[in-house]
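**Student:** entry_10.cif is reproduced below (mmCIF, C-alpha atoms).
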```cif
data_my_file
#
loop_
_atom_site.label_atom_id
_atom_site.label_comp_id
_atom_site.auth_asym_id
_atom_site.auth_seq_id
_atom_site.Cartn_x
_atom_site.Cartn_y
_atom_site.Cartn_z
CA MET V 28 92.29 82.95 88.34
CA SER V 29 93.49 86.46 87.56
CA ASP V 30 96.79 87.87 86.39
CA LEU V 31 97.68 88.63 90.01
CA SER V 32 98.41 86.06 92.68
CA LEU V 33 96.51 86.47 95.93
CA GLY V 34 99.71 87.67 97.64
CA SER V 35 100.32 90.31 94.98
CA ARG V 36 96.69 91.36 95.19
CA LEU V 37 96.86 91.74 98.97
CA LYS V 38 100.05 93.79 98.69
CA GLN V 39 98.48 96.00 96.00
CA LEU V 40 95.37 96.62 98.10
CA ARG V 41 97.44 97.45 101.20
CA LYS V 42 99.68 99.85 99.29
CA ALA V 43 96.66 101.51 97.66
CA ARG V 44 95.56 102.47 101.16
CA GLY V 45 99.02 103.78 101.99
CA MET V 46 99.46 101.31 104.82
CA THR V 47 102.46 99.42 106.11
CA GLN V 48 102.38 95.70 106.81
CA SER V 49 102.49 96.49 110.53
CA GLN V 50 99.46 98.77 110.32
CA LEU V 51 97.46 96.15 108.44
CA ALA V 52 98.58 93.48 110.89
CA ASP V 53 97.40 95.62 113.82
CA ASP V 54 94.01 96.17 112.18
CA LEU V 55 93.58 92.44 111.51
CA PHE V 56 95.05 91.29 114.84
CA VAL V 57 97.81 89.24 113.21
CA SER V 58 101.58 89.64 113.16
CA ARG V 59 103.50 91.64 110.56
CA LYS V 60 105.30 88.42 109.59
CA THR V 61 101.95 86.82 108.81
CA VAL V 62 101.02 89.67 106.46
CA SER V 63 104.45 89.44 104.87
CA SER V 64 104.08 85.70 104.33
CA TRP V 65 100.72 86.23 102.59
CA GLU V 66 102.12 88.91 100.31
CA THR V 67 105.19 86.91 99.34
CA GLY V 68 103.13 83.77 98.74
CA ARG V 69 104.90 81.68 101.39
CA ASN V 70 101.55 81.12 103.12
CA GLN V 71 97.91 81.68 102.24
CA PRO V 72 95.33 83.16 104.61
CA ASP V 73 92.68 80.72 105.79
CA LEU V 74 89.07 81.11 104.66
CA GLN V 75 87.98 83.07 107.73
CA THR V 76 90.89 85.49 107.24
CA ILE V 77 90.09 85.86 103.54
CA CYS V 78 86.55 86.83 104.55
CA ARG V 79 87.95 89.37 107.05
CA LEU V 80 90.31 90.76 104.40
CA ALA V 81 87.47 91.10 101.89
CA SER V 82 85.36 92.93 104.46
CA TYR V 83 88.32 95.10 105.48
CA TYR V 84 88.91 96.17 101.87
CA GLN V 85 85.15 96.48 101.26
CA LEU V 86 85.17 93.79 98.57
CA THR V 87 83.43 90.48 98.06
CA VAL V 88 85.57 87.40 98.56
CA ASP V 89 85.27 86.70 94.84
CA ASP V 90 86.50 90.20 93.98
CA LEU V 91 89.36 89.87 96.45
CA ILE V 92 90.54 86.61 94.92
CA HIS V 93 89.79 87.15 91.22
CA GLN V 94 89.80 90.86 90.41
CA GLN V 95 92.81 91.92 88.37
CA SER V 96 93.09 95.53 89.41
CA VAL V 97 92.59 97.48 92.60
CA PRO V 98 89.28 99.37 92.77
CA CYS V 99 89.31 103.13 92.83
CA ALA V 100 91.09 104.33 95.96
CA ASP V 101 88.11 106.55 96.84
CA ASP V 102 85.97 103.43 97.29
CA GLN V 103 88.42 102.05 99.84
CA ARG V 104 88.57 105.01 102.19
CA PRO V 105 86.93 104.49 105.56
CA ILE V 106 84.14 106.83 106.47
CA THR V 107 84.89 109.93 108.48
CA TRP V 108 82.37 112.49 109.59
CA LEU V 109 84.67 115.49 109.32
CA GLY V 110 82.36 117.21 106.84
CA PRO V 111 79.25 117.04 109.04
CA ALA V 112 81.29 118.09 112.10
CA LEU V 113 82.61 121.08 110.15
CA ALA V 114 79.06 121.98 109.08
CA ILE V 115 77.82 121.79 112.68
CA ILE V 116 80.61 124.07 113.95
CA LEU V 117 80.02 126.52 111.10
CA MET V 118 76.32 126.67 111.98
CA GLY V 119 77.24 127.47 115.57
CA ARG V 120 79.83 130.03 114.51
CA LEU V 121 77.42 131.84 112.23
CA GLY V 122 74.21 131.32 114.17
CA PHE V 123 75.04 132.26 117.74
CA VAL V 124 76.14 135.51 119.30
CA ALA V 125 79.34 135.05 121.25
CA LEU V 126 82.24 136.97 122.73
CA PRO V 127 85.09 137.78 120.33
CA GLU V 128 87.31 135.22 122.11
CA MET V 129 84.71 132.50 121.48
CA LEU V 130 84.48 133.50 117.83
CA VAL V 131 88.27 133.22 117.50
CA LEU V 132 88.14 129.75 119.10
CA SER V 133 85.38 128.76 116.68
CA ASP V 134 87.45 130.06 113.77
CA VAL V 135 90.45 127.99 114.89
CA VAL V 136 88.22 124.92 115.18
CA VAL V 137 86.77 125.53 111.69
CA ILE V 138 90.28 125.84 110.24
CA ALA V 139 91.43 122.67 112.05
CA LEU V 140 88.43 120.66 110.82
CA ALA V 141 88.82 121.99 107.27
CA TRP V 142 92.52 121.09 107.32
CA LEU V 143 91.74 117.55 108.56
CA LEU V 144 89.06 117.15 105.90
CA VAL V 145 91.42 118.23 103.11
CA SER V 146 94.15 115.99 104.56
CA TRP V 147 91.73 113.06 104.44
CA TRP V 148 90.66 113.82 100.86
CA GLN V 149 94.19 114.32 99.60
CA ARG V 150 95.75 111.59 101.78
CA TYR V 151 98.29 113.98 103.33
CA MET V 152 97.96 112.15 106.65
CA HIS V 153 97.41 108.55 107.62
CA LEU V 154 93.90 107.75 108.82
CA ARG V 155 95.18 106.91 112.32
CA THR V 156 96.63 110.41 112.64
CA ILE V 157 93.35 111.92 111.52
CA ARG V 158 91.43 109.79 114.03
CA TRP V 159 93.84 110.84 116.77
CA ALA V 160 93.36 114.52 115.83
CA CYS V 161 89.55 114.05 115.79
CA SER V 162 89.72 112.53 119.27
CA LEU V 163 91.81 115.46 120.49
CA LEU V 164 89.34 117.94 118.97
CA ALA V 165 86.45 116.07 120.57
CA VAL V 166 88.09 116.32 123.99
CA THR V 167 88.69 120.03 123.36
CA PHE V 168 85.01 120.49 122.48
CA ILE V 169 83.89 118.70 125.65
CA VAL V 170 86.22 120.80 127.82
CA ALA V 171 85.14 124.06 126.11
CA ALA V 172 81.45 123.20 126.52
CA GLY V 173 81.85 121.87 130.06
CA LEU V 174 83.75 124.92 131.29
CA LYS V 175 81.47 127.32 129.40
CA LEU V 176 84.64 128.73 127.93
CA PHE V 177 84.38 132.44 127.11
CA LYS V 178 80.87 132.50 128.60
CA MET V 179 79.56 130.11 125.95
CA ASP V 180 75.75 130.04 125.93
CA PHE V 181 73.74 126.82 126.07
CA GLY V 182 73.05 126.71 122.31
CA LEU V 183 76.73 126.89 121.50
CA GLN V 184 77.46 124.23 124.12
CA LEU V 185 75.01 121.93 122.33
CA ILE V 186 76.69 122.70 118.98
CA TYR V 187 80.10 121.76 120.36
CA LEU V 188 78.74 118.57 121.96
CA ALA V 189 76.98 117.62 118.70
CA ALA V 190 80.28 118.10 116.84
CA THR V 191 81.98 115.90 119.46
CA VAL V 192 79.51 113.07 118.90
CA THR V 193 79.84 113.49 115.13
CA LEU V 194 83.62 113.18 115.32
CA LEU V 195 83.58 110.18 117.65
CA ILE V 196 80.92 108.01 115.94
CA PRO V 197 83.23 106.65 113.19
CA ILE V 198 86.06 106.11 115.67
CA ALA V 199 83.82 104.22 118.09
CA GLY V 200 82.21 102.31 115.22
CA THR V 201 85.58 101.17 113.90
CA ALA V 202 86.65 100.00 117.35
CA LEU V 203 83.37 98.15 117.83
CA ILE V 204 83.61 96.45 114.44
CA LYS V 205 87.18 95.34 115.18
CA LYS V 206 86.08 93.93 118.53
CA ILE V 207 83.16 92.05 116.97
CA ARG V 208 85.31 90.66 114.15
CA SER V 209 88.01 89.50 116.55
CA ARG V 210 85.60 87.35 118.56
CA PRO V 211 85.96 83.63 117.94
CA THR V 212 82.88 82.17 116.31
#
```
What's the C-alpha cells form of this structure?
**Tutor:**
Amino acid sequence: MSDLSLGSRLKQLRKARGMTQSQLADDLFVSRKTVSSWETGRNQPDLQTICRLASYYQLTVDDLIHQQSVPCADDQRPITWLGPALAIILMGRLGFVALPEMLVLSDVVVIALAWLLVSWWQRYMHLRTIRWACSLLAVTFIVAAGLKLFKMDFGLQLIYLAATVTLLIPIAGTALIKKIRSRPT
C-alpha cells in the first residue's frame, strides 16, 4: 500500500478540488456523514463506490488506492467551455454590424465570460457558482436572441444561440453522467 491510507487519500483529493464533504456527498449521492466516515477511516467505501470515486477524480482504481500524492490540480478540473463561448461571442462582436447598444451588451458579455474563465483558471469561485453563472448567461443569451434585443440581426442571433449551446453542453453532460452513474446496475 502507499504512505497514505485510503481515507487520507480521499480527503486529500477532495481538498485539492476545494470541495466540502457536503459538496462531494451531493455529487456522489451519499450523505456527508458517509464521506466523513471514509475520510476518518471508520468505514471503507464498497467496490462500486471506489470505482465511482476513481471516475469522479479521473483516476484509475489502482491510482486512487495506491498513489502517494495527489495528481496536479489542473488534471482534476472538470471541463468547461467558457473559452469557446468567449471566442464565439468575440467573433459576433467583431464580425457583425450592430447598434451601439448591442455592442455595449456584447462587451458586457465578453467581460463576464472572461471573468468567469479567469475565475475558473485561478479557482476564485467554486465550480457550482461558475455553472450557475453560465446557466444565467445562457438564459440571457436566449432572451436577447429571442427578443431581437437592440434590433439584433439573424447572424448575431445565431452567434448568441451558439454561445448558449456551448455554455450548456458541459452542464448538461455533467447532469447526464450523474444520472447514469446513479442508476442501479
**Student:** Give me the residues within 12 Å of Thr201 in chain V as a PyMOL selection string, counting all atoms listed in the file and dropping any in the same chain fewer than 2 places off.
**Tutor:** chain V and resi 54+83+105-107+154-155+158+195-199+203-208
**Student:** Output C-alpha atoms for every residue in that selection, as a compact mmCIF listing (two decimals), keeping the file's coordinate frame.
**Tutor:**
```
# COMPACT_ATOMS: atom_id res chain seq x y z
CA ASP V 54 94.01 96.17 112.18
CA TYR V 83 88.32 95.10 105.48
CA PRO V 105 86.93 104.49 105.56
CA ILE V 106 84.14 106.83 106.47
CA THR V 107 84.89 109.93 108.48
CA LEU V 154 93.90 107.75 108.82
CA ARG V 155 95.18 106.91 112.32
CA ARG V 158 91.43 109.79 114.03
CA LEU V 195 83.58 110.18 117.65
CA ILE V 196 80.92 108.01 115.94
CA PRO V 197 83.23 106.65 113.19
CA ILE V 198 86.06 106.11 115.67
CA ALA V 199 83.82 104.22 118.09
CA LEU V 203 83.37 98.15 117.83
CA ILE V 204 83.61 96.45 114.44
CA LYS V 205 87.18 95.34 115.18
CA LYS V 206 86.08 93.93 118.53
CA ILE V 207 83.16 92.05 116.97
CA ARG V 208 85.31 90.66 114.15
```
**Student:** Please provide the set of residues having any atom within 6 Å of range 138-151 of chain V, restricted to only C-alpha atoms, with same-chain residues fewer than 2 positions apart removed, written as JSON, numbers by chain.
**Tutor:** {"V": [109, 113, 135, 136]}
**Student:** Let me see the file: selected residues, C-alpha atoms, as an mmCIF file, keeping the file's coordinate frame.
**Tutor:**
```cif
data_model
loop_
_atom_site.group_PDB
_atom_site.id
_atom_site.type_symbol
_atom_site.label_atom_id
_atom_site.label_comp_id
_atom_site.auth_asym_id
_atom_site.auth_seq_id
_atom_site.Cartn_x
_atom_site.Cartn_y
_atom_site.Cartn_z
ATOM 1 C CA LEU V 109 84.670 115.490 109.320
ATOM 2 C CA LEU V 113 82.610 121.080 110.150
ATOM 3 C CA VAL V 135 90.450 127.990 114.890
ATOM 4 C CA VAL V 136 88.220 124.920 115.180
#
```
**Student:** Let me have the centre and edge lengths in Å, one decimal, of the box along x, y and z around every listed atom of range 108-126 of chain V with 3 Å of margin on each side, as lines of an AutoDock Vina configuration file.
**Tutor:**
```
center_x = 79.4
center_y = 124.7
center_z = 114.8
size_x = 16.5
size_y = 30.5
size_z = 21.9
```
**Student:** Separation of CA of Lys38 in chain V and CA of Asp53 in chain V, in Å?
**Tutor:**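 Atom-to-atom, CA of Lys38 in chain V to CA of Asp53 in chain V, that is 15.5 Å.
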**Student:** Can you work out which one of V:Leu86, V:Val170, V:Leu91, V:Ala52 has the shortest atom-to-atom distance to Leu33 in chain V, counting all atoms listed in the file?
**Tutor:**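 Looking only at the distances to Leu33 in chain V, the closest residue turns out to be V:Leu91.
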**Student:** Which value, in Å to one decimal, gives the distance between CA of Phe123 in chain V and CA of Gly110 in chain V?
**Tutor:**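 Between these atoms lies a distance of 20.0 Å.
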**Student:** Smallest atom-to-atom distance to Thr191 in chain V: which of V:Leu55, V:Ala112, V:Leu121, V:Val88, using all atoms listed in the file?
**Tutor:**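 Smallest separation from Thr191 in chain V among the options: V:Ala112.
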**Student:** Counting all atoms listed in the file, which residue out of V:Leu74, V:Ile186, V:Leu163, V:Leu80 sits closest to Val57 in chain V?
**Tutor:**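 Between V:Leu74, V:Ile186, V:Leu163, V:Leu80, the residue approaching Val57 in chain V most closely is V:Leu80.
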**Student:** Of the residues V:Ser32, V:Thr193, V:Gln75, V:Ser209, which is the one nearest to Ile92 in chain V, using only C-alpha atoms?
**Tutor:** V:Ser32
**Student:** For Ser63 in chain V, which residue among V:Gly34, V:Gly45, V:Arg79, V:Ala171 is the nearest when counting only C-alpha atoms?
**Tutor:**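 Of V:Gly34, V:Gly45, V:Arg79, V:Ala171, the one nearest Ser63 in chain V is V:Gly34, counting only C-alpha atoms.
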**Student:** Considering all atoms listed in the file, state which residue in the set V:Ser133, V:Trp65, V:Lys60, V:Val192 is at the smallest distance from Gln39 in chain V.
**Tutor:**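 Ranking V:Ser133, V:Trp65, V:Lys60, V:Val192 by distance to Gln39 in chain V, first place goes to V:Trp65.
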**Student:** Once the PyMOL selection byres ((chain V and resi 185) around 12) has been applied to the shown file, what residues remain in the selection, as a JSON list (two decimals) with C-alpha atoms, in the coordinates of the input?
**Tutor:**
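Full text of selection.json as output:
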```json
[["chain", "number", "residue", "atom", "x", "y", "z"],
["V", 115, "ILE", "CA", 77.82, 121.79, 112.68],
["V", 116, "ILE", "CA", 80.61, 124.07, 113.95],
["V", 118, "MET", "CA", 76.32, 126.67, 111.98],
["V", 119, "GLY", "CA", 77.24, 127.47, 115.57],
["V", 123, "PHE", "CA", 75.04, 132.26, 117.74],
["V", 168, "PHE", "CA", 85.01, 120.49, 122.48],
["V", 169, "ILE", "CA", 83.89, 118.70, 125.65],
["V", 171, "ALA", "CA", 85.14, 124.06, 126.11],
["V", 172, "ALA", "CA", 81.45, 123.20, 126.52],
["V", 173, "GLY", "CA", 81.85, 121.87, 130.06],
["V", 175, "LYS", "CA", 81.47, 127.32, 129.40],
["V", 179, "MET", "CA", 79.56, 130.11, 125.95],
["V", 180, "ASP", "CA", 75.75, 130.04, 125.93],
["V", 181, "PHE", "CA", 73.74, 126.82, 126.07],
["V", 182, "GLY", "CA", 73.05, 126.71, 122.31],
["V", 183, "LEU", "CA", 76.73, 126.89, 121.50],
["V", 184, "GLN", "CA", 77.46, 124.23, 124.12],
["V", 186, "ILE", "CA", 76.69, 122.70, 118.98],
["V", 187, "TYR", "CA", 80.10, 121.76, 120.36],
["V", 188, "LEU", "CA", 78.74, 118.57, 121.96],
["V", 189, "ALA", "CA", 76.98, 117.62, 118.70],
["V", 190, "ALA", "CA", 80.28, 118.10, 116.84],
["V", 191, "THR", "CA", 81.98, 115.90, 119.46],
["V", 192, "VAL", "CA", 79.51, 113.07, 118.90]]
```
**Student:** To one decimal place, how far is CA of Met46 in chain V from CA of Gly200 in chain V in Å?
**Tutor:**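 According to the coordinates, CA of Met46 in chain V and CA of Gly200 in chain V are separated by 20.2 Å.
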**Student:** Please reconstruct the missing atoms of range 193-206 of chain V (target: N, CA and C atoms) and return them as a PDB file, in the frame of the given file.
**Tutor:**
```pdb
ATOM      1  N   THR V 193      79.633 113.710 116.561  1.00  0.00           N
ATOM      2  CA  THR V 193      79.840 113.490 115.130  1.00  0.00           C
ATOM      3  C   THR V 193      81.264 113.033 114.841  1.00  0.00           C
ATOM      4  N   LEU V 194      82.239 113.581 115.526  1.00  0.00           N
ATOM      5  CA  LEU V 194      83.620 113.180 115.320  1.00  0.00           C
ATOM      6  C   LEU V 194      83.914 111.787 115.877  1.00  0.00           C
ATOM      7  N   LEU V 195      83.255 111.430 116.969  1.00  0.00           N
ATOM      8  CA  LEU V 195      83.580 110.180 117.650  1.00  0.00           C
ATOM      9  C   LEU V 195      82.816 108.959 117.126  1.00  0.00           C
ATOM     10  N   ILE V 196      81.706 109.159 116.438  1.00  0.00           N
ATOM     11  CA  ILE V 196      80.920 108.010 115.940  1.00  0.00           C
ATOM     12  C   ILE V 196      81.749 107.085 115.047  1.00  0.00           C
ATOM     13  N   PRO V 197      82.452 107.590 114.018  1.00  0.00           N
ATOM     14  CA  PRO V 197      83.230 106.650 113.190  1.00  0.00           C
ATOM     15  C   PRO V 197      84.362 105.975 113.954  1.00  0.00           C
ATOM     16  N   ILE V 198      84.966 106.686 114.892  1.00  0.00           N
ATOM     17  CA  ILE V 198      86.060 106.110 115.670  1.00  0.00           C
ATOM     18  C   ILE V 198      85.526 104.982 116.552  1.00  0.00           C
ATOM     19  N   ALA V 199      84.422 105.241 117.238  1.00  0.00           N
ATOM     20  CA  ALA V 199      83.820 104.220 118.090  1.00  0.00           C
ATOM     21  C   ALA V 199      83.291 103.055 117.252  1.00  0.00           C
ATOM     22  N   GLY V 200      82.710 103.365 116.105  1.00  0.00           N
ATOM     23  CA  GLY V 200      82.210 102.310 115.220  1.00  0.00           C
ATOM     24  C   GLY V 200      83.304 101.403 114.729  1.00  0.00           C
ATOM     25  N   THR V 201      84.439 101.973 114.357  1.00  0.00           N
ATOM     26  CA  THR V 201      85.580 101.170 113.900  1.00  0.00           C
ATOM     27  C   THR V 201      86.080 100.267 115.017  1.00  0.00           C
ATOM     28  N   ALA V 202      86.188 100.805 116.212  1.00  0.00           N
ATOM     29  CA  ALA V 202      86.650 100.000 117.350  1.00  0.00           C
ATOM     30  C   ALA V 202      85.671  98.872 117.645  1.00  0.00           C
ATOM     31  N   LEU V 203      84.379  99.167 117.575  1.00  0.00           N
ATOM     32  CA  LEU V 203      83.370  98.150 117.830  1.00  0.00           C
ATOM     33  C   LEU V 203      83.406  97.051 116.777  1.00  0.00           C
ATOM     34  N   ILE V 204      83.551  97.432 115.527  1.00  0.00           N
ATOM     35  CA  ILE V 204      83.610  96.450 114.440  1.00  0.00           C
ATOM     36  C   ILE V 204      84.833  95.550 114.612  1.00  0.00           C
ATOM     37  N   LYS V 205      85.975  96.144 114.960  1.00  0.00           N
ATOM     38  CA  LYS V 205      87.180  95.340 115.180  1.00  0.00           C
ATOM     39  C   LYS V 205      86.969  94.348 116.327  1.00  0.00           C
ATOM     40  N   LYS V 206      86.313  94.804 117.379  1.00  0.00           N
ATOM     41  CA  LYS V 206      86.080  93.930 118.530  1.00  0.00           C
ATOM     42  C   LYS V 206      85.149  92.784 118.143  1.00  0.00           C
TER      43      LYS V 206
END
```
